[in-house]
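What follows is the content of work08.csv (CSV, C-alpha atoms).
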chain,number,residue,atom,x,y,z
A,1,MET,CA,-31.1,-84.3,-70.2
A,2,GLY,CA,-34.4,-85.2,-72.0
A,3,LEU,CA,-37.9,-84.1,-70.9
A,4,THR,CA,-38.4,-81.5,-68.3
A,5,ILE,CA,-41.4,-79.7,-66.8
A,6,GLY,CA,-41.9,-75.9,-66.8
A,7,VAL,CA,-44.2,-74.3,-64.3
A,8,ASP,CA,-45.6,-70.7,-64.8
A,9,ILE,CA,-47.2,-69.2,-61.7
A,10,GLY,CA,-49.9,-66.7,-62.6
A,11,GLY,CA,-52.2,-64.6,-60.5
A,12,THR,CA,-55.2,-66.8,-61.3
A,13,LYS,CA,-53.8,-70.0,-62.6
A,14,ILE,CA,-50.7,-72.2,-62.5
A,15,ALA,CA,-49.7,-73.8,-65.8
A,16,ALA,CA,-47.3,-76.8,-66.1
A,17,GLY,CA,-46.0,-78.4,-69.2
A,18,VAL,CA,-43.7,-81.2,-70.3
A,19,VAL,CA,-41.2,-79.7,-72.7
A,20,ASP,CA,-38.6,-81.5,-75.0
A,21,GLU,CA,-35.1,-80.3,-76.0
A,22,GLU,CA,-36.5,-78.4,-79.0
A,23,GLY,CA,-38.8,-76.3,-76.8
A,24,THR,CA,-41.9,-78.2,-77.9
A,25,ILE,CA,-44.7,-78.6,-75.3
A,26,LEU,CA,-45.8,-82.2,-75.3
A,27,ALA,CA,-48.5,-81.9,-72.6
A,28,THR,CA,-50.0,-79.2,-70.3
A,29,CYS,CA,-52.3,-78.8,-67.4
A,30,LYS,CA,-53.6,-75.8,-65.5
A,31,VAL,CA,-54.9,-75.5,-62.0
A,32,PRO,CA,-56.3,-72.4,-60.1
A,33,THR,CA,-53.9,-70.4,-58.1
A,34,PRO,CA,-54.8,-70.9,-54.4
A,35,PRO,CA,-55.1,-67.9,-52.1
A,36,THR,CA,-52.4,-69.0,-49.6
A,37,PRO,CA,-48.6,-69.3,-50.0
A,38,GLU,CA,-48.6,-72.9,-48.8
A,39,GLY,CA,-51.6,-73.7,-51.0
A,40,VAL,CA,-49.6,-72.5,-54.1
A,41,ILE,CA,-46.8,-74.9,-53.3
A,42,ASP,CA,-49.3,-77.8,-53.0
A,43,ALA,CA,-50.9,-76.7,-56.3
A,44,ILE,CA,-47.5,-76.7,-58.1
A,45,ALA,CA,-46.8,-80.2,-56.9
A,46,ASP,CA,-50.3,-81.4,-58.0
A,47,ALA,CA,-49.8,-79.8,-61.5
A,48,VAL,CA,-46.3,-81.4,-61.8
A,49,ARG,CA,-47.6,-84.9,-60.9
A,50,THR,CA,-50.6,-84.6,-63.2
A,51,VAL,CA,-48.8,-83.4,-66.3
A,52,SER,CA,-45.9,-85.9,-65.9
A,53,GLU,CA,-48.1,-89.0,-66.1
A,54,GLY,CA,-46.9,-91.1,-69.0
A,55,PHE,CA,-43.6,-89.2,-69.4
A,56,GLU,CA,-40.0,-89.9,-68.1
A,57,VAL,CA,-39.4,-86.4,-66.7
A,58,GLU,CA,-36.0,-85.5,-65.3
A,59,ALA,CA,-36.4,-82.1,-63.7
A,60,VAL,CA,-38.7,-79.2,-63.0
A,61,GLY,CA,-38.2,-75.5,-63.6
A,62,ILE,CA,-40.5,-72.9,-61.9
A,63,GLY,CA,-41.0,-69.3,-63.0
A,64,ALA,CA,-42.0,-67.2,-60.0
A,65,ALA,CA,-42.8,-63.4,-60.0
A,66,GLY,CA,-40.4,-62.0,-57.5
A,67,TYR,CA,-36.9,-61.9,-56.3
A,68,VAL,CA,-35.2,-65.3,-56.5
A,69,ASP,CA,-31.8,-65.9,-54.7
A,70,ASP,CA,-28.6,-66.6,-56.5
A,71,LYS,CA,-28.9,-70.4,-55.8
A,72,ARG,CA,-32.2,-70.4,-57.7
A,73,ALA,CA,-33.8,-72.1,-54.7
A,74,THR,CA,-35.5,-69.5,-52.5
A,75,VAL,CA,-38.0,-66.8,-53.4
A,76,LEU,CA,-36.8,-63.8,-51.4
A,77,PHE,CA,-39.8,-61.6,-52.1
A,78,ALA,CA,-43.0,-62.3,-54.1
A,79,PRO,CA,-45.5,-59.5,-53.4
A,80,ASN,CA,-48.5,-61.2,-55.2
A,81,ILE,CA,-48.2,-64.5,-53.3
A,82,ASN,CA,-46.8,-63.1,-50.1
A,83,TRP,CA,-43.7,-65.3,-50.1
A,84,ARG,CA,-40.9,-64.0,-48.0
A,85,HIS,CA,-37.7,-66.1,-48.1
A,86,GLU,CA,-39.8,-69.1,-49.2
A,87,ALA,CA,-37.7,-72.3,-49.7
A,88,LEU,CA,-39.6,-73.1,-52.8
A,89,LYS,CA,-37.0,-75.5,-54.4
A,90,ASP,CA,-36.8,-77.7,-51.3
A,91,LYS,CA,-40.6,-77.8,-50.6
A,92,VAL,CA,-41.5,-78.8,-54.2
A,93,GLU,CA,-38.7,-81.3,-54.4
A,94,GLN,CA,-40.0,-83.0,-51.3
A,95,ARG,CA,-43.4,-83.3,-52.8
A,96,VAL,CA,-42.5,-84.4,-56.4
A,97,GLY,CA,-39.2,-86.3,-56.0
A,98,LEU,CA,-37.5,-84.5,-58.9
A,99,PRO,CA,-34.7,-81.8,-59.0
A,100,VAL,CA,-36.2,-78.3,-59.1
A,101,VAL,CA,-34.8,-75.0,-60.4
A,102,VAL,CA,-36.6,-71.8,-59.4
A,103,GLU,CA,-36.2,-68.7,-61.6
A,104,ASN,CA,-37.8,-65.3,-61.8
A,105,ASP,CA,-40.6,-65.5,-64.3
A,106,ALA,CA,-39.4,-62.7,-66.5
A,107,ASN,CA,-35.9,-64.3,-66.7
A,108,ALA,CA,-37.6,-67.6,-67.6
A,109,ALA,CA,-39.6,-65.9,-70.4
A,110,ALA,CA,-36.5,-64.1,-71.7
A,111,TRP,CA,-34.6,-67.4,-71.8
A,112,GLY,CA,-37.4,-69.1,-73.6
A,113,GLU,CA,-37.4,-66.3,-76.3
A,114,TYR,CA,-33.7,-66.4,-76.6
A,115,ARG,CA,-33.5,-70.2,-77.0
A,116,PHE,CA,-36.7,-70.9,-79.1
A,117,GLY,CA,-38.2,-67.6,-80.1
A,118,ALA,CA,-37.3,-64.2,-81.4
A,119,GLY,CA,-33.8,-64.3,-79.9
A,120,GLN,CA,-32.5,-67.2,-82.0
A,121,GLY,CA,-29.4,-66.2,-83.8
A,122,HIS,CA,-28.5,-63.5,-81.3
A,123,ASP,CA,-25.8,-63.8,-78.6
A,124,ASP,CA,-26.7,-60.6,-76.7
A,125,VAL,CA,-30.4,-59.9,-76.1
A,126,ILE,CA,-32.4,-57.8,-73.7
A,127,CYS,CA,-36.0,-58.8,-73.1
A,128,ILE,CA,-38.7,-56.7,-71.6
A,129,THR,CA,-42.2,-57.8,-70.8
A,130,LEU,CA,-44.9,-55.2,-71.1
A,131,GLY,CA,-47.9,-56.3,-69.1
A,132,THR,CA,-49.6,-54.9,-66.0
A,133,GLY,CA,-46.1,-54.0,-64.9
A,134,LEU,CA,-42.7,-54.1,-66.7
A,135,GLY,CA,-40.2,-57.0,-66.3
A,136,GLY,CA,-37.1,-58.0,-68.1
A,137,GLY,CA,-34.2,-60.4,-68.7
A,138,ILE,CA,-30.6,-60.1,-69.7
A,139,ILE,CA,-28.7,-62.5,-72.0
A,140,ILE,CA,-25.2,-61.5,-72.7
A,141,GLY,CA,-22.6,-63.8,-74.3
A,142,ASN,CA,-25.3,-66.5,-74.6
A,143,LYS,CA,-25.7,-66.6,-70.8
A,144,LEU,CA,-28.6,-65.4,-68.6
A,145,ARG,CA,-27.2,-62.7,-66.4
A,146,ARG,CA,-28.8,-62.7,-63.0
A,147,GLY,CA,-26.4,-60.5,-61.0
A,148,ARG,CA,-24.5,-61.4,-57.8
A,149,PHE,CA,-27.6,-61.9,-55.7
A,150,GLY,CA,-29.9,-63.2,-58.4
A,151,VAL,CA,-32.2,-60.1,-58.7
A,152,ALA,CA,-30.8,-58.3,-61.8
A,153,ALA,CA,-33.0,-57.0,-64.7
A,154,GLU,CA,-35.8,-55.5,-62.5
A,155,PHE,CA,-36.0,-52.9,-65.2
A,156,GLY,CA,-39.5,-51.8,-64.2
A,157,HIS,CA,-38.1,-50.3,-61.0
A,158,ILE,CA,-35.5,-48.1,-62.6
A,159,ARG,CA,-36.4,-44.6,-61.5
A,160,VAL,CA,-37.0,-42.5,-64.6
A,161,VAL,CA,-38.8,-39.5,-63.0
A,162,PRO,CA,-37.4,-38.3,-59.7
A,163,ASP,CA,-40.2,-37.9,-57.1
A,164,GLY,CA,-42.6,-39.2,-59.8
A,165,LEU,CA,-45.7,-41.4,-59.5
A,166,LEU,CA,-45.8,-43.8,-56.6
A,167,CYS,CA,-45.1,-47.3,-57.5
A,168,GLY,CA,-46.3,-50.5,-55.9
A,169,CYS,CA,-42.8,-51.2,-54.8
A,170,GLY,CA,-42.9,-48.2,-52.5
A,171,SER,CA,-40.6,-46.0,-54.6
A,172,GLN,CA,-41.5,-43.1,-56.9
A,173,GLY,CA,-41.1,-42.6,-60.6
A,174,CYS,CA,-40.4,-46.2,-61.6
A,175,TRP,CA,-40.3,-46.9,-65.3
A,176,GLU,CA,-43.2,-49.3,-65.2
A,177,GLN,CA,-45.4,-46.4,-63.9
A,178,TYR,CA,-44.9,-44.9,-67.4
A,179,ALA,CA,-44.4,-47.9,-69.6
A,180,SER,CA,-46.9,-50.7,-68.9
A,181,GLY,CA,-50.5,-51.7,-69.5
A,182,ARG,CA,-51.5,-49.9,-66.4
A,183,ALA,CA,-49.9,-46.7,-67.7
A,184,LEU,CA,-51.6,-47.1,-71.0
A,185,VAL,CA,-55.0,-47.2,-69.4
A,186,ARG,CA,-54.1,-44.2,-67.2
A,187,TYR,CA,-53.1,-42.2,-70.3
A,188,ALA,CA,-56.3,-43.0,-72.1
A,189,ARG,CA,-58.5,-42.2,-69.2
A,190,GLN,CA,-56.8,-38.8,-68.6
A,191,ARG,CA,-57.0,-37.9,-72.2
A,192,ALA,CA,-60.7,-38.9,-72.5
A,193,GLN,CA,-61.5,-36.9,-69.4
A,194,ALA,CA,-59.7,-33.8,-70.8
A,195,THR,CA,-61.0,-34.1,-74.4
A,196,PRO,CA,-64.1,-36.4,-74.5
A,197,GLY,CA,-64.9,-35.2,-78.1
A,198,ASN,CA,-61.7,-36.9,-79.3
A,199,ALA,CA,-62.6,-40.2,-77.6
A,200,GLU,CA,-66.2,-40.8,-78.7
A,201,PHE,CA,-65.4,-44.2,-80.2
A,202,LEU,CA,-63.2,-45.2,-77.2
A,203,LEU,CA,-65.7,-44.1,-74.6
A,204,GLY,CA,-68.5,-46.0,-76.4
A,205,LEU,CA,-66.6,-49.3,-76.0
A,206,GLY,CA,-67.0,-49.0,-72.2
A,207,ASP,CA,-69.7,-47.5,-70.1
A,208,GLY,CA,-69.3,-44.0,-71.5
A,209,THR,CA,-67.1,-42.7,-68.8
A,210,PRO,CA,-63.3,-42.4,-68.7
A,211,GLU,CA,-63.2,-44.7,-65.7
A,212,GLY,CA,-64.8,-47.5,-67.8
A,213,ILE,CA,-62.0,-47.6,-70.3
A,214,GLU,CA,-60.0,-50.8,-70.3
A,215,GLY,CA,-56.9,-51.9,-72.1
A,216,LYS,CA,-58.8,-54.0,-74.7
A,217,HIS,CA,-60.9,-50.9,-75.5
A,218,ILE,CA,-57.8,-48.8,-76.2
A,219,SER,CA,-56.4,-51.4,-78.6
A,220,LEU,CA,-59.6,-51.7,-80.6
A,221,ALA,CA,-60.2,-48.0,-80.7
A,222,ALA,CA,-56.6,-47.3,-81.8
A,223,ARG,CA,-57.1,-49.6,-84.7
A,224,GLN,CA,-60.2,-47.6,-85.7
A,225,GLY,CA,-58.2,-44.4,-85.6
A,226,ASP,CA,-59.6,-43.0,-82.3
A,227,PRO,CA,-57.4,-40.0,-81.6
A,228,VAL,CA,-57.2,-40.5,-77.9
A,229,ALA,CA,-56.4,-44.2,-78.2
A,230,VAL,CA,-53.7,-43.5,-80.8
A,231,ASP,CA,-52.2,-40.8,-78.8
A,232,SER,CA,-52.2,-43.0,-75.7
A,233,PHE,CA,-50.2,-45.7,-77.5
A,234,ARG,CA,-47.8,-43.0,-78.7
A,235,GLU,CA,-47.2,-41.8,-75.1
A,236,LEU,CA,-46.6,-45.4,-74.0
A,237,ALA,CA,-44.2,-46.0,-76.8
A,238,ARG,CA,-42.3,-42.8,-76.1
A,239,TRP,CA,-41.5,-44.0,-72.6
A,240,VAL,CA,-40.7,-47.6,-73.7
A,241,GLY,CA,-38.4,-46.5,-76.5
A,242,SER,CA,-36.5,-44.0,-74.4
A,243,GLY,CA,-36.0,-46.6,-71.8
A,244,LEU,CA,-34.6,-49.1,-74.4
A,245,ALA,CA,-32.2,-46.4,-75.5
A,246,ASP,CA,-30.9,-46.1,-72.0
A,247,LEU,CA,-30.6,-49.9,-71.8
A,248,ALA,CA,-28.7,-49.8,-75.1
A,249,SER,CA,-26.1,-47.5,-73.4
A,250,LEU,CA,-25.7,-50.1,-70.6
A,251,PHE,CA,-25.7,-53.4,-72.5
A,252,ASP,CA,-25.3,-52.7,-76.2
A,253,PRO,CA,-27.4,-55.8,-77.3
A,254,SER,CA,-28.0,-56.8,-80.9
A,255,ALA,CA,-31.7,-57.1,-80.2
A,256,PHE,CA,-34.4,-56.0,-77.8
A,257,ILE,CA,-37.3,-58.4,-77.6
A,258,VAL,CA,-40.6,-57.0,-76.4
A,259,GLY,CA,-43.0,-59.5,-74.9
A,260,GLY,CA,-45.9,-59.4,-72.5
A,261,GLY,CA,-49.6,-58.8,-73.3
A,262,LEU,CA,-49.0,-55.4,-75.0
A,263,SER,CA,-46.7,-57.0,-77.5
A,264,ASP,CA,-49.7,-58.9,-78.9
A,265,GLU,CA,-50.7,-55.5,-80.5
A,266,GLY,CA,-47.9,-55.9,-83.0
A,267,ASP,CA,-46.9,-52.9,-85.1
A,268,LEU,CA,-49.5,-50.8,-83.4
A,269,VAL,CA,-47.2,-50.6,-80.4
A,270,LEU,CA,-43.8,-51.8,-81.9
A,271,ASP,CA,-43.5,-49.2,-84.7
A,272,PRO,CA,-43.8,-46.2,-82.3
A,273,ILE,CA,-41.5,-47.9,-79.9
A,274,ARG,CA,-38.9,-48.3,-82.6
A,275,LYS,CA,-39.3,-44.6,-83.6
A,276,SER,CA,-38.8,-43.5,-80.0
A,277,PHE,CA,-35.8,-45.8,-79.6
A,278,ARG,CA,-34.1,-44.2,-82.6
A,279,ARG,CA,-35.0,-40.7,-81.3
A,280,TRP,CA,-33.4,-41.2,-77.9
A,281,LEU,CA,-30.5,-43.4,-78.7
A,282,VAL,CA,-27.3,-41.5,-77.9
A,283,GLY,CA,-25.2,-41.1,-81.0
A,284,GLY,CA,-27.8,-42.9,-82.9
A,285,GLN,CA,-26.9,-41.4,-86.3
A,286,TRP,CA,-23.3,-42.8,-86.0
A,287,ARG,CA,-23.7,-46.2,-84.3
A,288,PRO,CA,-25.4,-49.5,-85.2
A,289,HIS,CA,-28.9,-49.9,-83.9
A,290,ALA,CA,-30.2,-52.9,-82.1
A,291,GLN,CA,-33.3,-54.6,-83.6
A,292,VAL,CA,-36.6,-54.2,-81.7
A,293,LEU,CA,-38.4,-57.4,-82.1
A,294,ALA,CA,-41.8,-58.8,-81.1
A,295,ALA,CA,-41.7,-61.9,-78.8
A,296,GLN,CA,-42.7,-65.0,-80.7
A,297,LEU,CA,-43.7,-67.5,-77.9
A,298,GLY,CA,-46.5,-65.4,-76.3
A,299,GLY,CA,-47.8,-66.8,-73.0
A,300,LYS,CA,-45.7,-70.0,-73.4
A,301,ALA,CA,-42.3,-68.3,-73.1
A,302,GLY,CA,-42.1,-68.5,-69.3
A,303,LEU,CA,-43.1,-72.2,-69.2
A,304,VAL,CA,-40.8,-73.2,-72.0
A,305,GLY,CA,-37.9,-71.1,-70.6
A,306,ALA,CA,-38.3,-72.5,-67.1
A,307,ALA,CA,-38.3,-76.0,-68.4
A,308,ASP,CA,-35.1,-75.4,-70.4
A,309,LEU,CA,-33.4,-73.7,-67.5
A,310,ALA,CA,-34.1,-76.9,-65.5
A,311,ARG,CA,-32.5,-78.9,-68.3
A,312,GLN,CA,-29.4,-76.7,-68.1
A,313,GLY,CA,-29.2,-77.5,-64.4
Could the structure of this file be written out as structure tokens, please?
Amino acid sequence: MGLTIGVDIGGTKIAAGVVDEEGTILATCKVPTPPTPEGVIDAIADAVRTVSEGFEVEAVGIGAAGYVDDKRATVLFAPNINWRHEALKDKVEQRVGLPVVVENDANAAAWGEYRFGAGQGHDDVICITLGTGLGGGIIIGNKLRRGRFGVAAEFGHIRVVPDGLLCGCGSQGCWEQYASGRALVRYARQRAQATPGNAEFLLGLGDGTPEGIEGKHISLAARQGDPVAVDSFRELARWVGSGLADLASLFDPSAFIVGGGLSDEGDLVLDPIRKSFRRWLVGGQWRPHAQVLAAQLGGKAGLVGAADLARQG
């Protein structure tokens, strides 16, 4: 199969791109994400039609945040769009006249990194995406592992603290409540509240109050050596690394790929994650260690991965 289209559904925009067999994006377009579930489907179709002009496109892959069924056709549950058992494949196919494959967005991003990014050369890769929440993808034996019902790799909702913090999923103590962009901001605000003298630079980047601290402020302050910002990254990394050590016990991959917005911070976040991973890896002094790598495709991973999964059929 030649050219395919990948679609990445975001909270504010829908991106579509024509992608070739080498993972190169040949054309892209973006449209605002409508407020209604049916409007999102229409917007996806519009984006596909727009970006495909002038190209012979053979299929469409869609990355959707939520649970996608084992047939890669129906979005069982997408909290941000309010889809419930949404027949996304059929509805988009009817509008665009092309075969459609629907995949969880984190799975699509994981596949993109495995095929064209940091995962090249590895047969067994676990990907995590550190953004507002925490997502993931599993590639074992060169295959994307989705589970019997299509909803595997929801790593963010592994419960790591019994009766811990309330999660948006309705459970308590989920990993993403301690290892995510949202968690990083919470750590910084709590520490700035407790010891404002150690957060003078960080507080000055916002409105002077702990509540005014945002993720971008923490990154900048940490690079300037602000003690609270640095300590907040260390706390985040402690939770991420310990979770990766648990995943190593389950899957024993050769590499972990860390993507999502927080991975853009590079060694500021990756070095302490690697240290925590080594600290918590069971039998770590006697066994081989998986590499902990930064994702390479950035925000393009989901679009490229979805397009390639459509090519795989």
Expected answer as a PyMOL selection string: all residues with atoms within 12 Å of (-49.1, -45.3, -64.4), all atoms listed in the file: chain A and resi 132-134+156+161+164-168+172-190+232+235-236+239
For Thr12 in chain A, the nearest of the candidates A:His217, A:Lys30, A:Lys275, A:Arg49, counting all atoms listed in the file: A:Lys30
Distance in Å - CA of Ala59 in chain A versus CA of Arg311 in chain A: 6.8 Å
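Closest to Asp252 in chain A among A:Ser219, A:Gln224, A:Ser52, A:Gln291 is A:Gln291, based on all atoms listed in the file.
The coordinates place CA of Arg238 in chain A at 12.7 Å from CA of Val160 in chain A.
Of the residues listed (A:Leu268, A:Cys127, A:Val304, A:Leu293), A:Val304 shows the shortest atom-to-atom separation from Thr28 in chain A; distances use all atoms listed in the file.
Between Asp264 in chain A and the candidates A:Thr24, A:Thr4, A:Asn80, A:Thr129, the tightest atom-to-atom separation, counting all atoms listed in the file, involves A:Thr129.
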Distance criterion (only C-alpha atoms): nearest to Gly131 in chain A out of A:Leu3, A:Ala106, A:Ala45, A:Leu281: A:Ala106
